[in-house]
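Just below is one structure, and these are the notes that go with it.
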Amino acid sequence: PTIYGSSLRSKAAPSDYRSFPLPALSGQTEQSAIAAVAGYFIRLGEALPLRVGYVNDRCAADALALAGYVAPALPLVLDVAADITCEALVNAVGKEIALLVERRGHAADLILRSPNAAIEPFSVVVNSAIEAVGVPPVTNSLLTFVIGNLSSSLQVDTARVPVRICDLLLDRLDTFFRDFFADGSRRISDLRVMSEAELNAALYQSNDTTVAFD
């Protein structure tokens, strides 16, 4: 997915990951939480199929024991339209996760041995491993959604995502997630992304051009 306002990775500016709590995502099952994350990007009109990185317990173990030899994330691919309901998206995510349980990441040097291999870095990653906190962020990732049983968080590469964009993103994620979990029968395309405060600012405050005259 494309992250609005982010910049390209630069060797001159190393990654600087910061973690932010996601209260609206906390306490949800892995399947539901990942569906909510995917739903957000689908709602924004991302090109389909949606492709995000997925880190489970096996990936996390490999990332620590076989660092540099095995890719740290698996591709989670969803080809669903925005008119899908929240409940149906949760079920679709569950089926995709089940297919990835026994898989491992590809060999880290695969692109060197097979230059034509269709391997692209993940800009967005979801990490639901039990030991997620101890796993380093996937290389080149902009956003990593860390999904835990009790609490969830978002790791952001602040070297490429300005503070203003980060604050806006967190506000929109919170708005969308709360709408997503409120009613599973609603369509993704009908869920809100802009909060009341942002909507008010966009519709009214930015159009308030009243100027006082002497």
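Ordering of the structure tokens sets the chain letters (A, B, ...); residue numbers start at 1 within each chain; ligands are numbered from 1 in the order shown.
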
| Contact residues around stretch 52-68 of chain A with only C-alpha atoms at 10 Å, ignoring same-chain residues under 3 positions, as a PyMOL selection string | chain A and resi 1+34+37-38+49+71-78+97+100-105+107-109+121-138+141+144-146

| What lies within 7 Å of A:Leu48 using only C-alpha atoms, ignoring chain neighbours under 2 positions off, as a list in words? | Glu46, Leu50 and Asp79 of chain A

| query | Which is closest to A:Pro23 among A:Ser6, A:Asn200, A:Ser195, A:Ser153, if we use only C-alpha atoms? | reply |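 Of all the options, A:Ser153 lies closest to A:Pro23.
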
| field | A:Phe20 environment, 9 Å, only C-alpha atoms, sequence neighbours closer than 3 positions dropped, as a list of chain:residue names | value | A:Ser152, A:Ser153, A:Leu154, A:Gln155, A:Val156, A:Leu170

| query | Which parts of chain A does DSSP call strand (DSSP E) when run on the backbone here, written out as number ranges by chain? | reply | A: 17-21, 50-55, 74-78, 124-127, 143-147, 152-157

Just the selected residues (N, CA and C atoms), exported as a tab-separated table (two decimals), in the first residue's frame, please.
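The file below, selection.tsv, is the result:
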chain	number	residue	atom	x	y	z
A	17	TYR	N	12.33	3.82	13.92
A	17	TYR	CA	11.01	3.31	14.23
A	17	TYR	C	10.53	3.76	15.62
A	18	ARG	N	9.31	4.26	15.64
A	18	ARG	CA	8.65	4.63	16.90
A	18	ARG	C	7.35	3.86	17.01
A	19	SER	N	6.97	3.54	18.23
A	19	SER	CA	5.78	2.75	18.45
A	19	SER	C	4.66	3.60	19.04
A	20	PHE	N	3.45	3.41	18.51
A	20	PHE	CA	2.28	4.16	18.97
A	20	PHE	C	1.16	3.17	19.30
A	21	PRO	N	0.46	3.37	20.41
A	21	PRO	CA	-0.63	2.45	20.77
A	21	PRO	C	-1.81	2.56	19.82
A	50	LEU	N	-4.62	-6.54	-2.72
A	50	LEU	CA	-3.86	-5.89	-1.65
A	50	LEU	C	-2.80	-6.87	-1.16
A	51	ARG	N	-1.58	-6.38	-0.99
A	51	ARG	CA	-0.47	-7.23	-0.58
A	51	ARG	C	0.24	-6.60	0.61
A	52	VAL	N	0.22	-7.29	1.74
A	52	VAL	CA	0.93	-6.82	2.93
A	52	VAL	C	1.80	-7.95	3.46
A	53	GLY	N	2.81	-7.58	4.24
A	53	GLY	CA	3.66	-8.59	4.85
A	53	GLY	C	2.98	-9.18	6.08
A	54	TYR	N	3.18	-10.45	6.31
A	54	TYR	CA	2.56	-11.14	7.45
A	54	TYR	C	3.64	-11.89	8.23
A	55	VAL	N	3.73	-11.61	9.52
A	55	VAL	CA	4.71	-12.27	10.38
A	55	VAL	C	3.97	-13.07	11.44
A	74	LEU	N	5.87	-13.17	5.23
A	74	LEU	CA	5.18	-13.86	4.15
A	74	LEU	C	4.21	-12.91	3.47
A	75	PRO	N	3.90	-13.10	2.20
A	75	PRO	CA	2.94	-12.24	1.52
A	75	PRO	C	1.50	-12.64	1.85
A	76	LEU	N	0.75	-11.72	2.42
A	76	LEU	CA	-0.68	-11.93	2.66
A	76	LEU	C	-1.41	-11.15	1.57
A	77	VAL	N	-2.09	-11.87	0.68
A	77	VAL	CA	-2.70	-11.26	-0.50
A	77	VAL	C	-4.22	-11.38	-0.42
A	78	LEU	N	-4.90	-10.25	-0.60
A	78	LEU	CA	-6.35	-10.22	-0.55
A	78	LEU	C	-6.89	-9.54	-1.81
A	124	VAL	N	3.84	-2.20	4.21
A	124	VAL	CA	2.98	-2.41	5.37
A	124	VAL	C	3.09	-3.87	5.81
A	125	VAL	N	3.28	-4.07	7.11
A	125	VAL	CA	3.44	-5.41	7.68
A	125	VAL	C	2.51	-5.58	8.87
A	126	VAL	N	1.93	-6.77	9.02
A	126	VAL	CA	1.17	-7.09	10.23
A	126	VAL	C	1.93	-8.21	10.95
A	127	ASN	N	2.20	-8.00	12.22
A	127	ASN	CA	3.00	-8.93	13.01
A	127	ASN	C	2.16	-9.42	14.19
A	143	LEU	N	5.23	0.87	7.84
A	143	LEU	CA	4.31	0.66	8.96
A	143	LEU	C	4.30	-0.82	9.34
A	144	THR	N	4.37	-1.10	10.64
A	144	THR	CA	4.21	-2.46	11.13
A	144	THR	C	3.14	-2.47	12.21
A	145	PHE	N	2.05	-3.17	11.95
A	145	PHE	CA	0.97	-3.29	12.93
A	145	PHE	C	1.29	-4.50	13.81
A	146	VAL	N	1.58	-4.25	15.08
A	146	VAL	CA	1.91	-5.32	16.02
A	146	VAL	C	0.63	-5.69	16.76
A	147	ILE	N	0.16	-6.91	16.54
A	147	ILE	CA	-1.13	-7.34	17.07
A	147	ILE	C	-0.92	-8.31	18.22
A	152	SER	N	-2.36	-3.65	21.11
A	152	SER	CA	-1.78	-3.58	19.76
A	152	SER	C	-1.12	-2.22	19.57
A	153	SER	N	-0.19	-2.17	18.65
A	153	SER	CA	0.52	-0.91	18.42
A	153	SER	C	0.92	-0.80	16.96
A	154	LEU	N	1.38	0.38	16.60
A	154	LEU	CA	1.85	0.65	15.24
A	154	LEU	C	3.27	1.16	15.29
A	155	GLN	N	4.17	0.47	14.61
A	155	GLN	CA	5.56	0.92	14.50
A	155	GLN	C	5.70	1.69	13.19
A	156	VAL	N	6.17	2.91	13.29
A	156	VAL	CA	6.27	3.79	12.14
A	156	VAL	C	7.72	4.20	11.93
A	157	ASP	N	8.17	4.14	10.69
A	157	ASP	CA	9.51	4.63	10.37
A	157	ASP	C	9.41	6.15	10.24

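Checking A:Ala201, A:Val80, A:Leu99, A:Leu22 one by one against A:Ser189, counting only C-alpha atoms, you find the shortest gap at A:Val80.
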
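Using only C-alpha atoms, the residues found no farther than 12 Å from A:Gly5, other than those of its own chain fewer than 6 positions away, are A:Leu142, A:Thr158, A:Ala159, A:Arg160, A:Val161, A:Pro162, A:Val163, A:Arg164, A:Ile165, A:Cys166, A:Asp167, A:Leu168, A:Leu169.
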
| message | So that I can check the secondary structure, give me every residue of stretch 17-100 of chain A assigned helix (DSSP H, G or I) by backbone DSSP, as a PyMOL selection string. | response | chain A and resi 30-43+57-65+86-100

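Interatomic distance, atom CA of A:Ser26 against atom CA of A:Met194: 20.2 Å.
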